[in-house]
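Student: First, the structure itself, so that you have it in front of you.
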Amino acid sequence: MSDDTVRKEPIEGFDDVPGTTLFDAQRARQGYHVNMFCMSLMKAENRAEFKADEEKYLRKWPLTEEQRKAILGRNWQRMIELGGNIYYLSKLFSTDGKSFQYVAATMTGLTQEQYAQMMLDGGRPIDGNRSKSEWQARGSK
Amino acid sequence: MSDDTVRKEPIEGFDDVPGTTLFDAQRARQGYHVNMFCMSLMKAENRAEFKADEEKYLRKWPLTEEQRKAILGRNWQRMIELGGNIYYLSKLFSTDGKSFQYVAATMTGLTQEQYAQMMLDGGRPIDGNRSKSEWQARGSK
Amino acid sequence: MANIVASVNVSHVPAIGAAWDNGKKNDPYWQPVFDGFDFSKKWIAELKPDVIILVYNDHASAFDATIIPTFALGCAPEFPPADEGWGPRPVPTVIGHPVMASHIAQSVILDEFDLTIINRMDVDHGLTVPLTLMFGQPAEWPCRIIPLAVNVVQFPPPTGNRCWNLGKALRRAVESYPEDLRVVIFGTGGMSHQLQGPRAGLINKEWDQQFLDSLAADGQTARAIPFIEYVRETGSEGIEMVMWLIARGALDDKVREVYRFYHVPCSNTALGHLILENASFSK
Amino acid sequence: MANIVASVNVSHVPAIGAAWDNGKKNDPYWQPVFDGFDFSKKWIAELKPDVIILVYNDHASAFDATIIPTFALGCAPEFPPADEGWGPRPVPTVIGHPVMASHIAQSVILDEFDLTIINRMDVDHGLTVPLTLMFGQPAEWPCRIIPLAVNVVQFPPPTGNRCWNLGKALRRAVESYPEDLRVVIFGTGGMSHQLQGPRAGLINKEWDQQFLDSLAADGQTARAIPFIEYVRETGSEGIEMVMWLIARGALDDKVREVYRFYHVPCSNTALGHLILENASFSK
Ligand SMILES: [Fe+3]
Ligand SMILES: [Fe+3]
């Protein structure tokens, strides 16, 4: 079968958008079990079971070792990179009592306070954040 | 709420086709629980439970008394009239070990042998079966 | 005959629901958000729609990764609020309109839209937050609601043009419904926001205002925006705005801008809100 | 680049599967049915497709009454045979092609078809009976199979014209796939049959032959047939033939009729079978 991890059809221009992961079909395949695990947390009894023993609960899904570690360590950016989607992941961070803003902040390299202040100041500006070349020009990663 | 039993939008010409029930959204609503009951028989354990005590098993679905009777009496034509669809009903007659041909025959007023012979002879002819007026002309119901 | 008389476009940020449900609506952070809907509450209370067609996206709540419908129309008698991981929101169950919804489904499928019909569905914040903003906290929602769920989570979403044309088909469907019903269509989601990655927190006020301007005019500029522009200019989740195009497509070419509200920040998001009435409509 | 080179149209009567699975294939009733596929088995063994796009309808097996997608594309790695009430058929699990299927899904959605993507699905007789007829009983099916399930159970099905155009979009999708793969498209279901009511057992040979004639020509007559004509002339379940139009739409305007087989009765049904090759294709 064809290689399942490389996107064969780059979306025109998309790869130039900085700091952004496109949740397309190939990502969805890669993260299928991560996302299905998250969906299971929509039931109170499953949340209780997960909280009681996270490692044991996770064994129900054929996750990769990397995915397992990212989930247990609540490494949200890594979960995204491994095929998780933020709306699926929201079931996990809601189980933890965390908000979308908390989780988004962890992916930006800012502290919670810095991120909250950036939003109060009108959010991350679009100028300088449109393309990878703009990021390179100002030395962001 | 609007009356749910009368089709507001007769499909152009459809009502003139004789001996035929259109499975549209309103029928689907009417027969929703009949059809969902049938779907449950796609699992061997449910089939066993149903066979052990049909009346008890049927109580899991909010069927009308007419629907319940039609199911218990295996009145296929009546199930169709009450919103059942033949592909859903097939889970019930497969559970009984009956075939599509057996069930179709029961709806026609022919014996199994007559129906089978009609099919061997090339099936029910289209001439005379296109419209209700053709049926009336030859005295069919 | 039934008629779509107006559209309500509004963001559906989950934090708004959480703030409301947890009694924080008068907190300094949230009060300006809820105040922004004072006019709208009065407007819709006076308009008294019989039915709302509520265009939203499911956020991996009703549909899991096993099935992803592009357009899914809710034909069930009722739609309970979903448990998104912290228990269902304490809001009324949404009462649908199965007969009208089925009529719409039939009409748009015959118009060659490849709809998925849904007869059982829990509805998440994407549908319930706009109701909270527009109606507050009644014991029951004041009218019947037909949910239309659009896939904007997994690429590719429907194109803006397709969404616009679905709006037109919805209008034809409503206008061929024999009962005299007043219908309002909601387009929800947006505006600029990105919830993931190092670029999270992106807001593009200028772009958002241009989008609102286009909808308040004839909408044709907005209709032609490609997917890549939404992602680049408005963030990975800004694509939700294609749902506003369904609502706009269902209106007259000429509309009246009745109300506009724009507020930053709302959690990670620019909250946008726009009410349009058909030019042909008079109360 | 990948290429659709031919279509295989074939009825998918469940009794055929039951006859095969229960060792009745040499019974006098069934032998003529299976003999009718001797040529086809050789033809497809020589053609060696890499992928089959198999257009069929789910008969209330994978989808229950809660969800009814108009067009649902199977993007899963595999599809087990469904238990339709007498245990799953003893046939191999269908191996999909998730990468190509996702490519097709993306392409046709961008072409403004409102597809539902399916990542887990059991497949019923509608999909497995055509495989039995074309391949007999191998340990594994000889190629990858991408299922495309079409709603023809609950009115309204997609129009013939919409089906035809989806065929065209599938062709574009396949031709933009970078790998060199030989693809055959199956259109299944039909021909004339009615499984319910006092008119059950209806067969219309003349109409069926005209339908086959149209597909073997340019297909335009068949494409324009309205729903009511299928019901009136071919029985309530004859509407399955719209799926043949998806397969036909995916081919060249000019095709070669390679094989035709027509047999009555097959349980309640007229069994039809037609193989078309693109005029532009040479082996
Ligand atoms: Fe949203
Ligand atoms: Fe069939």
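Going through the structure tokens in order, the chains are called A, B, and so on, while each chain numbers its residues from 1 and the ligands are numbered from 1 in the order shown.
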Quick check: residues of chain B within 8 Å of chain D, only C-alpha atoms, returned as a PyMOL selection string.
Tutor: chain B and resi 12-14+17-25+28+32+35-36+39+41-44+47+77+80+86-88+90-92+94-95+97+99-101+104-105+107-109+115+118-120+122-126+129-131
Student: Go ahead and save the picked residues with C-alpha atoms, as an mmCIF file, in the first residue's frame.
Tutor:
data_model
loop_
_atom_site.group_PDB
_atom_site.id
_atom_site.type_symbol
_atom_site.label_atom_id
_atom_site.label_comp_id
_atom_site.auth_asym_id
_atom_site.auth_seq_id
_atom_site.Cartn_x
_atom_site.Cartn_y
_atom_site.Cartn_z
ATOM 1 C CA GLU B 12 -46.073 13.418 -8.888
ATOM 2 C CA GLY B 13 -47.814 10.378 -10.327
ATOM 3 C CA PHE B 14 -46.710 8.063 -7.573
ATOM 4 C CA VAL B 17 -48.858 3.171 -9.069
ATOM 5 C CA PRO B 18 -50.903 0.194 -7.874
ATOM 6 C CA GLY B 19 -50.023 -2.186 -5.035
ATOM 7 C CA THR B 20 -46.956 -0.264 -3.981
ATOM 8 C CA THR B 21 -45.964 1.665 -0.851
ATOM 9 C CA LEU B 22 -43.427 4.466 -1.136
ATOM 10 C CA PHE B 23 -40.957 4.452 1.761
ATOM 11 C CA ASP B 24 -40.561 8.176 2.194
ATOM 12 C CA ALA B 25 -39.647 10.240 5.245
ATOM 13 C CA ALA B 28 -39.932 6.215 7.903
ATOM 14 C CA TYR B 32 -39.063 4.150 12.973
ATOM 15 C CA ASN B 35 -37.381 -0.714 11.701
ATOM 16 C CA MET B 36 -35.047 -0.121 14.645
ATOM 17 C CA MET B 39 -32.061 -3.755 13.039
ATOM 18 C CA LEU B 41 -31.756 -8.611 15.101
ATOM 19 C CA MET B 42 -28.432 -8.192 13.308
ATOM 20 C CA LYS B 43 -26.781 -9.504 16.480
ATOM 21 C CA ALA B 44 -26.944 -13.215 17.255
ATOM 22 C CA ARG B 47 -31.946 -12.960 17.900
ATOM 23 C CA GLN B 77 -48.010 -6.412 4.286
ATOM 24 C CA ILE B 80 -45.161 -2.308 5.337
ATOM 25 C CA ILE B 86 -38.633 -4.455 3.352
ATOM 26 C CA TYR B 87 -34.858 -4.205 3.908
ATOM 27 C CA TYR B 88 -35.335 -3.618 7.612
ATOM 28 C CA SER B 90 -35.490 -8.708 6.112
ATOM 29 C CA LYS B 91 -33.637 -8.916 9.444
ATOM 30 C CA LEU B 92 -36.820 -10.284 10.993
ATOM 31 C CA SER B 94 -34.009 -13.892 8.091
ATOM 32 C CA THR B 95 -34.201 -14.548 11.827
ATOM 33 C CA GLY B 97 -35.252 -18.489 8.273
ATOM 34 C CA SER B 99 -36.507 -15.680 2.195
ATOM 35 C CA PHE B 100 -37.351 -12.472 0.340
ATOM 36 C CA GLN B 101 -39.373 -14.601 -2.072
ATOM 37 C CA ALA B 104 -42.969 -11.128 -1.099
ATOM 38 C CA ALA B 105 -45.359 -13.937 -1.998
ATOM 39 C CA MET B 107 -48.146 -9.891 0.182
ATOM 40 C CA THR B 108 -49.593 -10.762 -3.201
ATOM 41 C CA GLY B 109 -52.600 -12.919 -2.389
ATOM 42 C CA TYR B 115 -45.922 -16.945 -6.844
ATOM 43 C CA MET B 118 -45.284 -16.729 -11.788
ATOM 44 C CA MET B 119 -41.615 -15.848 -11.334
ATOM 45 C CA LEU B 120 -40.487 -18.919 -13.313
ATOM 46 C CA GLY B 122 -41.078 -14.485 -16.302
ATOM 47 C CA GLY B 123 -42.531 -12.564 -13.392
ATOM 48 C CA ARG B 124 -45.554 -10.332 -13.013
ATOM 49 C CA PRO B 125 -46.039 -8.671 -16.402
ATOM 50 C CA ILE B 126 -45.831 -4.888 -16.600
ATOM 51 C CA ASN B 129 -49.781 -3.293 -13.740
ATOM 52 C CA ARG B 130 -48.710 0.245 -14.526
ATOM 53 C CA SER B 131 -51.591 2.159 -12.987
#
Student: If you run DSSP on this backbone, which residues of chain B come out as helix (DSSP H, G or I), and could you give them as an MDAnalysis selection string?
Tutor: chainID B and resid 14:16 25:30 32:40 44:52 54:58 65:72 76:81 86:95 100:106 112:120 132:137
Student: Find the residues around Val150 (chain D) up to 9 Å (only C-alpha atoms counted), leave out those fewer than 6 positions away in its own chain, and share them as a list in words.
Tutor: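 Once the nearby chain positions are removed, what remains is Val55, Tyr56, Asn57, Asp58, Pro69, Thr70, Phe71, Ala72, Leu73, Pro157, Pro158, Glu240 and Met243 of chain D.
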Student: Return as a PyMOL selection string every polymer residue, whether protein, DNA or RNA, with at least one atom no more than 6 Å from an atom of ligand 1; count only C-alpha atoms and all ligand atoms.
Tutor: chain C and resi 12+126+189
Student: Near Thr128 (chain D), counting only C-alpha atoms, which residues have an atom at most 12 Å away, once you skip same-chain residues fewer than 5 positions from it, shown as a ChimeraX atom specification?
Tutor: /D:10-18,20-21,54-58,79-82,88-94,122-123,133-137,141,145,147,186,188-189
Student: Any chance you could export the current selection's N, CA, C and O atoms as a short mmCIF file (atom, residue, chain, number, x, y, z; two decimals), in the first residue's frame?
Tutor:
data_model
loop_
_atom_site.label_atom_id
_atom_site.label_comp_id
_atom_site.auth_asym_id
_atom_site.auth_seq_id
_atom_site.Cartn_x
_atom_site.Cartn_y
_atom_site.Cartn_z
N VAL D 10 -24.09 -5.04 -12.42
CA VAL D 10 -24.60 -6.36 -12.05
C VAL D 10 -25.59 -6.24 -10.90
O VAL D 10 -25.39 -5.46 -9.96
N SER D 11 -26.67 -7.02 -10.98
CA SER D 11 -27.63 -7.13 -9.88
C SER D 11 -26.92 -7.73 -8.67
O SER D 11 -25.91 -8.42 -8.81
N HIS D 12 -27.48 -7.48 -7.48
CA HIS D 12 -26.82 -8.02 -6.28
C HIS D 12 -27.80 -8.77 -5.37
O HIS D 12 -27.71 -8.70 -4.14
N VAL D 13 -28.70 -9.49 -5.99
CA VAL D 13 -29.75 -10.26 -5.30
C VAL D 13 -29.19 -11.09 -4.13
O VAL D 13 -28.29 -11.90 -4.34
N PRO D 14 -29.72 -10.92 -2.92
CA PRO D 14 -29.18 -11.66 -1.77
C PRO D 14 -29.28 -13.18 -1.93
O PRO D 14 -28.41 -13.90 -1.44
N ALA D 15 -30.34 -13.65 -2.61
CA ALA D 15 -30.51 -15.10 -2.77
C ALA D 15 -29.33 -15.72 -3.53
O ALA D 15 -29.03 -16.91 -3.34
N ILE D 16 -28.65 -14.94 -4.36
CA ILE D 16 -27.47 -15.46 -5.07
C ILE D 16 -26.39 -15.82 -4.05
O ILE D 16 -25.76 -16.88 -4.13
N GLY D 17 -26.19 -14.92 -3.11
CA GLY D 17 -25.19 -15.18 -2.08
C GLY D 17 -25.56 -16.40 -1.26
O GLY D 17 -24.72 -17.26 -0.97
N ALA D 18 -26.84 -16.49 -0.90
CA ALA D 18 -27.31 -17.63 -0.10
C ALA D 18 -27.13 -18.94 -0.88
O ALA D 18 -26.68 -19.95 -0.33
N TRP D 20 -24.96 -19.59 -3.29
CA TRP D 20 -23.53 -19.91 -3.35
C TRP D 20 -23.03 -20.44 -2.02
O TRP D 20 -22.36 -21.49 -1.95
N ASP D 21 -23.37 -19.72 -0.95
CA ASP D 21 -22.83 -20.07 0.37
C ASP D 21 -23.35 -21.43 0.85
O ASP D 21 -22.68 -22.10 1.64
N LEU D 54 -16.75 0.28 -5.89
CA LEU D 54 -17.95 -0.55 -5.93
C LEU D 54 -19.15 0.26 -5.45
O LEU D 54 -19.32 0.51 -4.26
N VAL D 55 -19.97 0.68 -6.40
CA VAL D 55 -21.16 1.46 -6.10
C VAL D 55 -22.31 0.50 -5.78
O VAL D 55 -22.63 -0.38 -6.59
N TYR D 56 -22.86 0.63 -4.60
CA TYR D 56 -23.93 -0.27 -4.16
C TYR D 56 -24.80 0.48 -3.18
O TYR D 56 -24.54 1.64 -2.86
N ASN D 57 -25.87 -0.18 -2.77
CA ASN D 57 -26.60 0.42 -1.67
C ASN D 57 -26.59 -0.49 -0.47
O ASN D 57 -26.66 -1.72 -0.59
N ASP D 58 -26.47 0.14 0.67
CA ASP D 58 -26.64 -0.55 1.94
C ASP D 58 -28.13 -0.81 2.12
O ASP D 58 -28.96 0.07 1.92
N PHE D 79 -13.40 -3.69 5.46
CA PHE D 79 -14.85 -3.70 5.63
C PHE D 79 -15.32 -5.14 5.81
O PHE D 79 -15.35 -5.90 4.85
N PRO D 80 -15.69 -5.52 7.04
CA PRO D 80 -16.13 -6.90 7.27
C PRO D 80 -17.53 -7.13 6.69
O PRO D 80 -18.33 -6.20 6.61
N PRO D 81 -17.83 -8.39 6.31
CA PRO D 81 -19.20 -8.68 5.84
C PRO D 81 -20.19 -8.52 6.99
O PRO D 81 -19.91 -8.89 8.12
N ALA D 82 -21.36 -7.96 6.66
CA ALA D 82 -22.38 -7.66 7.67
C ALA D 82 -23.17 -8.90 8.05
O ALA D 82 -23.34 -9.82 7.25
N PRO D 88 -22.88 -13.42 9.31
CA PRO D 88 -22.19 -12.81 8.16
C PRO D 88 -21.93 -13.85 7.06
O PRO D 88 -21.74 -15.03 7.36
N ARG D 89 -21.92 -13.42 5.82
CA ARG D 89 -21.57 -14.33 4.72
C ARG D 89 -20.13 -14.82 4.91
O ARG D 89 -19.26 -14.05 5.29
N PRO D 90 -19.87 -16.08 4.60
CA PRO D 90 -18.51 -16.62 4.74
C PRO D 90 -17.63 -16.21 3.55
O PRO D 90 -17.21 -17.05 2.76
N VAL D 91 -17.38 -14.92 3.44
CA VAL D 91 -16.56 -14.40 2.34
C VAL D 91 -15.44 -13.57 2.95
O VAL D 91 -15.52 -13.16 4.10
N PRO D 92 -14.38 -13.34 2.18
CA PRO D 92 -13.25 -12.58 2.74
C PRO D 92 -13.68 -11.17 3.14
O PRO D 92 -14.60 -10.59 2.56
N THR D 93 -12.98 -10.64 4.13
CA THR D 93 -13.13 -9.23 4.46
C THR D 93 -12.67 -8.40 3.26
O THR D 93 -11.71 -8.76 2.57
N VAL D 94 -13.38 -7.34 3.00
CA VAL D 94 -13.04 -6.45 1.88
C VAL D 94 -11.89 -5.54 2.33
O VAL D 94 -12.00 -4.90 3.38
N ASP D 122 -19.65 -2.16 8.02
CA ASP D 122 -19.84 -3.54 7.56
C ASP D 122 -20.53 -3.47 6.20
O ASP D 122 -21.34 -2.57 5.95
N VAL D 123 -20.21 -4.41 5.33
CA VAL D 123 -20.78 -4.37 3.98
C VAL D 123 -21.70 -5.56 3.76
O VAL D 123 -21.35 -6.69 4.08
N LEU D 133 -20.06 -13.21 -7.68
CA LEU D 133 -20.37 -13.50 -9.08
C LEU D 133 -19.15 -13.32 -9.97
O LEU D 133 -18.92 -14.09 -10.90
N MET D 134 -18.34 -12.31 -9.69
CA MET D 134 -17.20 -11.98 -10.57
C MET D 134 -15.93 -12.75 -10.21
O MET D 134 -15.06 -12.94 -11.06
N PHE D 135 -15.80 -13.18 -8.94
CA PHE D 135 -14.54 -13.79 -8.51
C PHE D 135 -14.71 -15.17 -7.88
O PHE D 135 -13.72 -15.80 -7.52
N GLY D 136 -15.93 -15.66 -7.72
CA GLY D 136 -16.11 -16.95 -7.06
C GLY D 136 -15.75 -16.88 -5.59
O GLY D 136 -16.17 -15.95 -4.90
N GLN D 137 -14.93 -17.83 -5.15
CA GLN D 137 -14.69 -17.98 -3.72
C GLN D 137 -13.21 -18.01 -3.38
O GLN D 137 -12.69 -19.00 -2.86
N TRP D 141 -10.16 -11.46 -1.71
CA TRP D 141 -10.56 -10.78 -2.94
C TRP D 141 -9.29 -10.30 -3.64
O TRP D 141 -8.33 -9.87 -2.98
N ILE D 145 -10.80 -2.63 -2.74
CA ILE D 145 -12.17 -2.23 -3.10
C ILE D 145 -12.57 -1.00 -2.30
O ILE D 145 -12.42 -0.96 -1.07
N PRO D 147 -15.73 1.08 -1.37
CA PRO D 147 -17.20 1.04 -1.42
C PRO D 147 -17.79 2.45 -1.50
O PRO D 147 -17.33 3.37 -0.82
N PHE D 186 -17.85 -0.62 -10.46
CA PHE D 186 -19.02 -1.50 -10.46
C PHE D 186 -20.25 -0.67 -10.16
O PHE D 186 -20.26 0.11 -9.20
N THR D 188 -24.10 -1.55 -9.18
CA THR D 188 -24.82 -2.77 -8.81
C THR D 188 -26.29 -2.49 -8.49
O THR D 188 -26.73 -1.34 -8.43
N GLY D 189 -27.05 -3.56 -8.26
CA GLY D 189 -28.48 -3.45 -7.98
C GLY D 189 -29.30 -3.67 -9.23
O GLY D 189 -28.76 -3.98 -10.29
#
Student: Please extract the residues of region 94-196 of chain C with a backbone DSSP assignment of strand (DSSP E) and present them as a PyMOL selection string.
Tutor: chain C and resi 94-95+116-118+144-150+182-188
Student: Let's have the selection written as a CSV table (one decimal), in the first residue's frame, with all heavy atoms.
Tutor:
chain,number,residue,atom,x,y,z
C,94,VAL,N,-33.7,20.7,22.5
C,94,VAL,CA,-34.2,21.3,21.3
C,94,VAL,C,-35.3,20.5,20.6
C,94,VAL,O,-35.2,19.3,20.4
C,94,VAL,CB,-33.0,21.4,20.3
C,94,VAL,CG1,-33.4,21.9,18.9
C,94,VAL,CG2,-31.9,22.4,20.9
C,95,ILE,N,-36.4,21.2,20.4
C,95,ILE,CA,-37.5,20.5,19.7
C,95,ILE,C,-37.5,20.8,18.2
C,95,ILE,O,-37.4,21.9,17.8
C,95,ILE,CB,-38.9,21.1,20.3
C,95,ILE,CG1,-38.9,20.9,21.8
C,95,ILE,CG2,-40.1,20.3,19.7
C,95,ILE,CD1,-38.7,19.5,22.4
C,116,THR,N,-27.2,14.2,4.1
C,116,THR,CA,-27.4,13.1,5.0
C,116,THR,C,-28.5,13.4,6.0
C,116,THR,O,-28.6,14.5,6.6
C,116,THR,CB,-26.1,12.8,5.8
C,116,THR,OG1,-25.1,12.4,4.9
C,116,THR,CG2,-26.3,11.8,6.9
C,117,ILE,N,-29.5,12.5,6.1
C,117,ILE,CA,-30.6,12.7,7.0
C,117,ILE,C,-30.3,12.1,8.3
C,117,ILE,O,-29.8,10.9,8.4
C,117,ILE,CB,-31.9,12.0,6.4
C,117,ILE,CG1,-32.3,12.8,5.1
C,117,ILE,CG2,-33.0,11.9,7.4
C,117,ILE,CD1,-33.4,12.1,4.3
C,118,ILE,N,-30.6,12.8,9.4
C,118,ILE,CA,-30.3,12.4,10.8
C,118,ILE,C,-31.5,12.3,11.6
C,118,ILE,O,-32.3,13.3,11.7
C,118,ILE,CB,-29.3,13.4,11.5
C,118,ILE,CG1,-28.1,13.6,10.6
C,118,ILE,CG2,-29.0,12.9,12.9
C,118,ILE,CD1,-27.1,12.4,10.6
C,144,ARG,N,-39.5,26.0,17.2
C,144,ARG,CA,-38.9,24.8,16.7
C,144,ARG,C,-37.6,25.1,16.0
C,144,ARG,O,-37.5,26.1,15.4
C,144,ARG,CB,-39.9,24.1,15.8
C,144,ARG,CG,-41.1,23.5,16.5
C,144,ARG,CD,-42.2,23.1,15.6
C,144,ARG,NE,-43.3,22.6,16.4
C,144,ARG,CZ,-43.4,21.4,16.9
C,144,ARG,NH1,-42.4,20.6,16.7
C,144,ARG,NH2,-44.4,21.1,17.7
C,145,ILE,N,-36.7,24.1,16.1
C,145,ILE,CA,-35.4,24.3,15.5
C,145,ILE,C,-35.0,23.1,14.7
C,145,ILE,O,-35.1,22.0,15.1
C,145,ILE,CB,-34.4,24.5,16.7
C,145,ILE,CG1,-34.7,25.9,17.4
C,145,ILE,CG2,-32.9,24.5,16.1
C,145,ILE,CD1,-34.2,26.0,18.8
C,146,ILE,N,-34.6,23.4,13.4
C,146,ILE,CA,-34.1,22.4,12.5
C,146,ILE,C,-32.6,22.5,12.4
C,146,ILE,O,-32.1,23.5,11.8
C,146,ILE,CB,-34.8,22.5,11.1
C,146,ILE,CG1,-36.3,22.3,11.3
C,146,ILE,CG2,-34.2,21.5,10.2
C,146,ILE,CD1,-37.1,22.5,10.0
C,147,PRO,N,-31.8,21.6,13.0
C,147,PRO,CA,-30.4,21.7,12.9
C,147,PRO,C,-29.8,21.2,11.5
C,147,PRO,O,-30.3,20.2,11.0
C,147,PRO,CB,-29.9,20.7,14.0
C,147,PRO,CG,-31.1,20.2,14.7
C,147,PRO,CD,-32.3,20.4,13.8
C,148,LEU,N,-28.9,22.0,11.0
C,148,LEU,CA,-28.2,21.6,9.8
C,148,LEU,C,-26.7,21.6,10.2
C,148,LEU,O,-26.1,22.7,10.4
C,148,LEU,CB,-28.5,22.6,8.7
C,148,LEU,CG,-27.6,22.3,7.4
C,148,LEU,CD1,-27.9,21.0,6.8
C,148,LEU,CD2,-28.0,23.4,6.3
C,149,ALA,N,-26.1,20.4,10.3
C,149,ALA,CA,-24.7,20.3,10.7
C,149,ALA,C,-23.8,20.2,9.5
C,149,ALA,O,-24.1,19.4,8.5
C,149,ALA,CB,-24.5,19.0,11.6
C,150,VAL,N,-22.8,21.0,9.5
C,150,VAL,CA,-21.9,21.1,8.3
C,150,VAL,C,-20.5,20.7,8.7
C,150,VAL,O,-20.0,21.1,9.8
C,150,VAL,CB,-21.8,22.6,7.8
C,150,VAL,CG1,-20.8,22.7,6.6
C,150,VAL,CG2,-23.2,23.1,7.5
C,182,ARG,N,-43.1,31.5,9.8
C,182,ARG,CA,-42.0,32.5,9.7
C,182,ARG,C,-40.7,31.8,10.1
C,182,ARG,O,-40.6,31.3,11.2
C,182,ARG,CB,-42.3,33.7,10.6
C,182,ARG,CG,-41.2,34.7,10.5
C,182,ARG,CD,-41.6,36.0,11.3
C,182,ARG,NE,-42.6,36.7,10.6
C,182,ARG,CZ,-43.1,37.9,11.0
C,182,ARG,NH1,-42.7,38.4,12.2
C,182,ARG,NH2,-43.9,38.6,10.3
C,183,VAL,N,-39.7,31.8,9.2
C,183,VAL,CA,-38.5,31.1,9.4
C,183,VAL,C,-37.3,32.1,9.5
C,183,VAL,O,-37.2,33.0,8.7
C,183,VAL,CB,-38.3,30.0,8.3
C,183,VAL,CG1,-37.0,29.3,8.5
C,183,VAL,CG2,-39.4,29.1,8.2
C,184,VAL,N,-36.5,31.9,10.5
C,184,VAL,CA,-35.2,32.6,10.5
C,184,VAL,C,-34.1,31.6,10.4
C,184,VAL,O,-34.2,30.5,10.9
C,184,VAL,CB,-35.0,33.4,11.8
C,184,VAL,CG1,-33.6,34.0,12.0
C,184,VAL,CG2,-36.1,34.5,11.9
C,185,ILE,N,-33.1,31.9,9.6
C,185,ILE,CA,-31.9,31.0,9.4
C,185,ILE,C,-30.7,31.5,10.2
C,185,ILE,O,-30.4,32.7,10.1
C,185,ILE,CB,-31.6,30.7,7.9
C,185,ILE,CG1,-30.5,29.7,7.8
C,185,ILE,CG2,-31.3,32.0,7.2
C,185,ILE,CD1,-30.4,29.1,6.4
C,186,PHE,N,-30.1,30.7,11.0
C,186,PHE,CA,-28.9,31.1,11.8
C,186,PHE,C,-27.7,30.5,11.0
C,186,PHE,O,-27.6,29.3,10.7
C,186,PHE,CB,-28.9,30.4,13.2
C,186,PHE,CG,-29.8,31.2,14.2
C,186,PHE,CD1,-30.9,31.8,13.9
C,186,PHE,CD2,-29.3,31.1,15.5
C,186,PHE,CE1,-31.7,32.5,14.8
C,186,PHE,CE2,-30.1,31.8,16.5
C,186,PHE,CZ,-31.3,32.5,16.2
C,187,GLY,N,-26.7,31.3,10.8
C,187,GLY,CA,-25.4,30.9,10.4
C,187,GLY,C,-24.4,31.1,11.6
C,187,GLY,O,-24.3,32.2,12.0
C,188,THR,N,-23.8,30.0,12.0
C,188,THR,CA,-23.0,30.2,13.3
C,188,THR,C,-21.5,29.8,13.1
C,188,THR,O,-21.1,29.4,12.0
C,188,THR,CB,-23.6,29.3,14.4
C,188,THR,OG1,-23.3,28.0,14.2
C,188,THR,CG2,-25.1,29.5,14.5
Student: Could you give me, as a ChimeraX atom specification, the residues within 12 Å of Ala216 (chain D), counting only C-alpha atoms and dropping anything in the same chain fewer than 6 positions from it?
Tutor: /D:6-9,209-210,222,244-245,247-249,251-260,273-279
Student: Skip Met79 (chain B) itself and residues of its chain fewer than 5 positions away, then list as a PyMOL selection string all residues within 10 Å of it, counting only C-alpha atoms.
Tutor: chain B and resi 31+34-35+66-71+73-74+84-86+89
Student: Give me, please, the distance in Å between CA of Arg29 (chain B) and CA of Leu115 (chain C), quoted to one decimal.
Tutor: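 Separating CA of Arg29 (chain B) from CA of Leu115 (chain C) is a distance of 17.5 Å.
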Student: Of the candidates C:Leu131, C:Ile109, C:Val5, C:Ala45, which shows the shortest atom-to-atom distance to chain D, using only C-alpha atoms?
Tutor: C:Ile109
